[in-house]
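start.cif, holding mmCIF, C-alpha atoms:
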```cif
data_run
loop_
_atom_site.label_atom_id
_atom_site.label_comp_id
_atom_site.auth_asym_id
_atom_site.auth_seq_id
_atom_site.Cartn_x
_atom_site.Cartn_y
_atom_site.Cartn_z
CA MET M 1 -6.56 51.48 -3.76
CA GLU M 2 -3.43 52.72 -2.00
CA LYS M 3 -4.84 51.60 1.36
CA TRP M 4 -5.39 48.13 -0.05
CA TYR M 5 -1.82 47.98 -1.36
CA GLN M 6 -0.55 48.99 2.08
CA TYR M 7 -2.83 46.55 3.88
CA LEU M 8 -1.73 43.69 1.63
CA ALA M 9 1.96 44.59 1.94
CA ASP M 10 2.24 42.61 5.19
CA PRO M 11 -0.64 40.13 5.41
CA ILE M 12 -1.27 38.10 8.54
CA ALA M 13 -2.52 35.12 6.54
CA GLY M 14 -3.34 34.21 2.98
CA HIS M 15 0.17 34.87 1.71
CA ARG M 16 -0.21 32.67 -1.38
CA THR M 17 -3.36 34.48 -2.46
CA VAL M 18 -2.04 37.94 -1.64
CA GLU M 19 1.20 37.28 -3.54
CA ALA M 20 -0.88 36.36 -6.58
CA ILE M 21 -3.39 39.22 -6.49
CA ARG M 22 -1.38 42.16 -5.12
CA PRO M 23 0.72 42.73 -8.30
CA VAL M 24 -2.49 43.02 -10.36
CA LEU M 25 -4.73 44.45 -7.64
CA SER M 26 -5.86 47.46 -9.65
CA ASN M 27 -6.79 45.30 -12.64
CA TRP M 28 -8.44 42.77 -10.31
CA ALA M 29 -10.55 45.43 -8.59
CA ASN M 30 -11.49 47.23 -11.81
CA ARG M 31 -12.33 44.23 -13.98
CA LYS M 32 -15.71 44.46 -15.66
CA SER M 33 -16.42 40.73 -15.68
CA GLY M 34 -15.28 37.59 -13.97
CA ALA M 35 -17.36 36.62 -10.98
CA LEU M 36 -15.77 34.88 -8.02
CA THR M 37 -17.34 31.49 -7.49
CA PHE M 38 -17.25 29.44 -4.32
CA ARG M 39 -14.93 26.85 -5.85
CA LEU M 40 -12.66 29.41 -7.53
CA VAL M 41 -12.17 31.04 -4.14
CA GLN M 42 -11.34 27.62 -2.66
CA VAL M 43 -8.51 27.19 -5.15
CA LEU M 44 -7.30 30.78 -4.78
CA THR M 45 -7.22 30.57 -0.97
CA GLY M 46 -6.49 26.89 -0.42
CA HIS M 47 -9.56 26.61 1.83
CA GLY M 48 -11.52 23.69 0.47
CA CYS M 49 -11.40 19.94 0.04
CA VAL M 50 -7.63 19.69 -0.10
CA GLY M 51 -5.64 17.58 2.31
CA ARG M 52 -3.62 20.43 3.81
CA TYR M 53 -6.77 22.37 4.73
CA LEU M 54 -8.67 19.31 5.95
CA HIS M 55 -5.71 18.32 8.10
CA ASP M 56 -4.42 21.64 9.44
CA ILE M 57 -7.54 23.78 9.69
CA VAL M 58 -10.60 21.54 9.79
CA ARG M 59 -8.67 18.78 11.59
CA GLN M 60 -10.69 16.16 9.82
CA ILE M 61 -8.01 13.85 8.42
CA PRO M 62 -4.80 12.54 10.02
CA THR M 63 -2.37 13.62 7.29
CA PRO M 64 -2.34 16.32 4.59
CA SER M 65 -1.74 13.77 1.83
CA CYS M 66 -3.67 13.81 -1.42
CA LEU M 67 -6.56 11.39 -1.33
CA GLU M 68 -6.59 11.25 -5.14
CA CYS M 69 -2.94 10.45 -5.93
CA GLY M 70 -1.23 9.86 -2.58
CA ALA M 71 1.16 12.84 -2.77
CA ASP M 72 2.46 13.85 0.65
CA ASP M 73 0.94 17.33 0.63
CA ASP M 74 -2.39 18.03 -1.04
CA THR M 75 -2.70 21.79 -1.45
CA ALA M 76 -4.75 23.92 -3.80
CA GLN M 77 -1.57 24.42 -5.84
CA HIS M 78 -1.01 20.64 -6.01
CA THR M 79 -4.57 20.30 -7.27
CA LEU M 80 -4.13 23.08 -9.83
CA GLU M 81 -0.67 22.15 -11.04
CA ASP M 82 0.36 18.58 -10.27
CA CYS M 83 -2.23 15.99 -9.25
CA PRO M 84 -2.47 13.37 -11.99
CA GLN M 85 -6.15 12.82 -11.16
CA TRP M 86 -6.95 16.11 -12.90
CA SER M 87 -4.55 15.78 -15.86
CA GLN M 88 -7.21 15.89 -18.58
CA LEU M 89 -8.93 18.93 -17.08
CA ARG M 90 -5.52 20.53 -16.57
CA HIS M 91 -4.60 19.84 -20.19
CA ASN M 92 -7.74 21.72 -21.27
CA LEU M 93 -6.88 24.55 -18.88
CA CYS M 94 -3.29 24.81 -20.15
CA PHE M 95 -4.57 25.07 -23.70
CA VAL M 96 -6.11 28.42 -22.73
CA VAL M 97 -3.89 29.60 -19.87
CA GLY M 98 -0.51 28.26 -20.95
CA ASN M 99 1.75 25.82 -19.13
CA ASN M 100 2.72 28.03 -16.19
CA LEU M 101 0.12 27.30 -13.52
CA ALA M 102 1.88 29.14 -10.71
CA LEU M 103 -0.91 31.10 -9.04
CA PRO M 104 0.54 34.58 -9.72
CA CYS M 105 0.81 33.76 -13.43
CA VAL M 106 -2.71 32.32 -13.54
CA VAL M 107 -4.22 35.32 -11.74
CA GLU M 108 -2.39 37.77 -13.99
CA LYS M 109 -3.77 36.01 -17.07
CA MET M 110 -7.25 35.79 -15.54
CA VAL M 111 -7.58 39.54 -15.07
CA GLY M 112 -6.45 40.12 -18.64
CA SER M 113 -8.84 37.77 -20.40
CA ASP M 114 -12.44 36.66 -19.97
CA GLU M 115 -11.56 33.44 -21.79
CA VAL M 116 -8.82 32.63 -19.29
CA TRP M 117 -11.01 33.64 -16.34
CA ASN M 118 -13.76 31.31 -17.55
CA ALA M 119 -11.33 28.45 -18.18
CA VAL M 120 -9.92 28.73 -14.64
CA VAL M 121 -13.43 28.90 -13.16
CA SER M 122 -14.44 25.84 -15.19
CA PHE M 123 -11.40 23.88 -13.96
CA CYS M 124 -12.07 24.87 -10.35
CA GLU M 125 -15.77 24.05 -10.55
CA HIS M 126 -15.19 20.59 -12.02
CA VAL M 127 -12.27 19.58 -9.82
CA MET M 128 -13.49 20.96 -6.50
CA LEU M 129 -16.99 19.54 -7.01
CA GLN M 130 -15.47 16.09 -7.53
CA LYS M 131 -13.26 16.50 -4.46
CA GLU M 132 -16.26 17.68 -2.39
CA THR M 133 -18.38 14.74 -3.57
CA ALA M 134 -15.64 12.27 -2.62
CA GLU M 135 -15.26 13.98 0.77
CA ARG M 136 -19.02 13.71 1.42
CA GLU M 137 -18.95 10.03 0.49
CA ARG M 138 -16.12 9.41 2.96
CA GLU M 139 -18.02 11.30 5.66
CA ASN M 140 -21.21 9.32 4.96
CA LYS M 141 -19.24 6.10 5.39
CA GLY M 142 -18.02 7.30 8.79
CA VAL M 143 -14.51 7.92 7.55
CA ASN M 144 -12.58 11.06 8.50
CA ARG M 145 -13.37 12.94 11.71
CA ARG M 146 -14.99 10.08 13.65
CA ARG M 147 -12.54 7.48 12.40
CA TYR M 148 -9.46 9.61 12.96
CA ALA M 149 -10.52 11.60 16.02
CA HIS M 150 -8.18 9.67 18.31
CA LEU M 151 -5.21 10.48 16.02
CA LEU M 152 -5.77 14.23 15.95
CA PRO M 153 -4.15 16.50 18.52
CA PRO M 154 -6.54 18.22 20.95
CA MET M 155 -8.03 21.50 19.81
#
```

Structure translated into structure tokens:
Amino acid sequence: MEKWYQYLADPIAGHRTVEAIRPVLSNWANRKSGALTFRLVQVLTGHGCVGRYLHDIVRQIPTPSCLECGADDDTAQHTLEDCPQWSQLRHNLCFVVGNNLALPCVVEKMVGSDEVWNAVVSFCEHVMLQKETAERERENKGVNRRRYAHLLPPM
């Protein structure tokens, strides 16, 4: 465990995720329940159907803006905390988690409660599935990479 603490003390990438998990690393590693799902990991890491990832990493869209609400920067945290598209699901999440949806607070509560863990997983599954479905629909219509290829900087 000490080696993990040292390794995570100065991460090369994934700062948001590390900052959330490192303070509760022992509890995280020793939890008896709470499986990591594909979509939960997307929200924890920011690597999924969010504008910032699709723009900066995948280079599939011309701007990092939110395709649901138009916000300038669609990040996993925007999806979790702010995007009005997910307000009803977020309301249900806040009922269990509380109103502080900063990732470190959410992760701390997740490792302390199966109910919270399951509520966060449920939110992530519902929201990210909808975002993935919308992304697939745009791709099937020829939007995104092919449409915006000329706007993207060379790789």

Open item on the list: One decimal, in Å: what's the spacing between CA of Glu137 (chain M) and CA of Val43 (chain M)?
Closed with: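 Value for the CA of Glu137 (chain M)-CA of Val43 (chain M) distance: 20.9 Å.
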
Open item on the list: Need the shell around region 121-133 of chain M: protein/DNA/RNA residues with any atom at most 6 Å away, counting only C-alpha atoms. Skip same-chain ones fewer than 6 positions apart. Format as a VMD selection string?
Closed with: chain M and resid 39 to 40 49

Open item on the list: As an exercise, work out the distance from CA of Arg90 (chain M) to CA of Arg59 (chain M) in Å and give it to one decimal place.
Closed with: 28.4 Å

Open item on the list: My list of candidates is M:Val58, M:Ala119, M:Leu103, M:Cys69. Which is closest to His15 (chain M) when distances are computed with all atoms listed in the file?
Closed with: M:Leu103

TODO: Run the PyMOL selection byres ((chain M and resi 8) around 12) on the file and write out the hits as a PyMOL selection string.
DONE: chain M and resi 1-7+9-23+25

With C-alpha atoms retained, write the just-selected residues as an mmCIF file, keeping the file's coordinate frame.
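That gives us selection_18.cif:
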```cif
data_model
loop_
_atom_site.group_PDB
_atom_site.id
_atom_site.type_symbol
_atom_site.label_atom_id
_atom_site.label_comp_id
_atom_site.auth_asym_id
_atom_site.auth_seq_id
_atom_site.Cartn_x
_atom_site.Cartn_y
_atom_site.Cartn_z
ATOM 1 C CA MET M 1 -6.560 51.480 -3.760
ATOM 2 C CA GLU M 2 -3.430 52.720 -2.000
ATOM 3 C CA LYS M 3 -4.840 51.600 1.360
ATOM 4 C CA TRP M 4 -5.390 48.130 -0.050
ATOM 5 C CA TYR M 5 -1.820 47.980 -1.360
ATOM 6 C CA GLN M 6 -0.550 48.990 2.080
ATOM 7 C CA TYR M 7 -2.830 46.550 3.880
ATOM 8 C CA ALA M 9 1.960 44.590 1.940
ATOM 9 C CA ASP M 10 2.240 42.610 5.190
ATOM 10 C CA PRO M 11 -0.640 40.130 5.410
ATOM 11 C CA ILE M 12 -1.270 38.100 8.540
ATOM 12 C CA ALA M 13 -2.520 35.120 6.540
ATOM 13 C CA GLY M 14 -3.340 34.210 2.980
ATOM 14 C CA HIS M 15 0.170 34.870 1.710
ATOM 15 C CA ARG M 16 -0.210 32.670 -1.380
ATOM 16 C CA THR M 17 -3.360 34.480 -2.460
ATOM 17 C CA VAL M 18 -2.040 37.940 -1.640
ATOM 18 C CA GLU M 19 1.200 37.280 -3.540
ATOM 19 C CA ALA M 20 -0.880 36.360 -6.580
ATOM 20 C CA ILE M 21 -3.390 39.220 -6.490
ATOM 21 C CA ARG M 22 -1.380 42.160 -5.120
ATOM 22 C CA PRO M 23 0.720 42.730 -8.300
ATOM 23 C CA LEU M 25 -4.730 44.450 -7.640
#
```

Task: Pick from M:Arg138, M:Val116, M:Val41, M:Ala35, whichever lies nearest to Leu67 (chain M) using all atoms listed in the file - done: M:Arg138

Task: Atom-to-atom span, CA of Gly70 (chain M) and CA of Trp86 (chain M), Å - done: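 Taking CA of Gly70 (chain M) as the start and CA of Trp86 (chain M) as the end point, the length is 13.4 Å.
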
Open item on the list: as a PyMOL selection string, please: the residues near Asp74 (chain M) (cut-off 10 Å, all atoms listed in the file, same-chain neighbours under 5 positions excluded).
Closed with: chain M and resi 46+49-55+63-69+79+82-83

Open item on the list: Could you list, as a list of chain:residue names, every residue within 9 Å of Gly34 (chain M), counting all atoms listed in the file and ignoring same-chain residues fewer than 5 positions away?
Closed with: M:Met110, M:Val111, M:Asp114, M:Trp117, M:Asn118, M:Val121

TODO: Have a look at M:Thr75, M:Gln85, M:Ser113, M:Asn92 and name the one nearest to Gln42 (chain M); count all atoms listed in the file.
DONE: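 Nearest candidate to Gln42 (chain M) out of M:Thr75, M:Gln85, M:Ser113, M:Asn92: M:Thr75.
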
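The smallest atom-to-atom distance between His91 (chain M) and any of M:Gln77, M:Phe38, M:Lys109, M:Val120, using all atoms listed in the file, is found for M:Val120.
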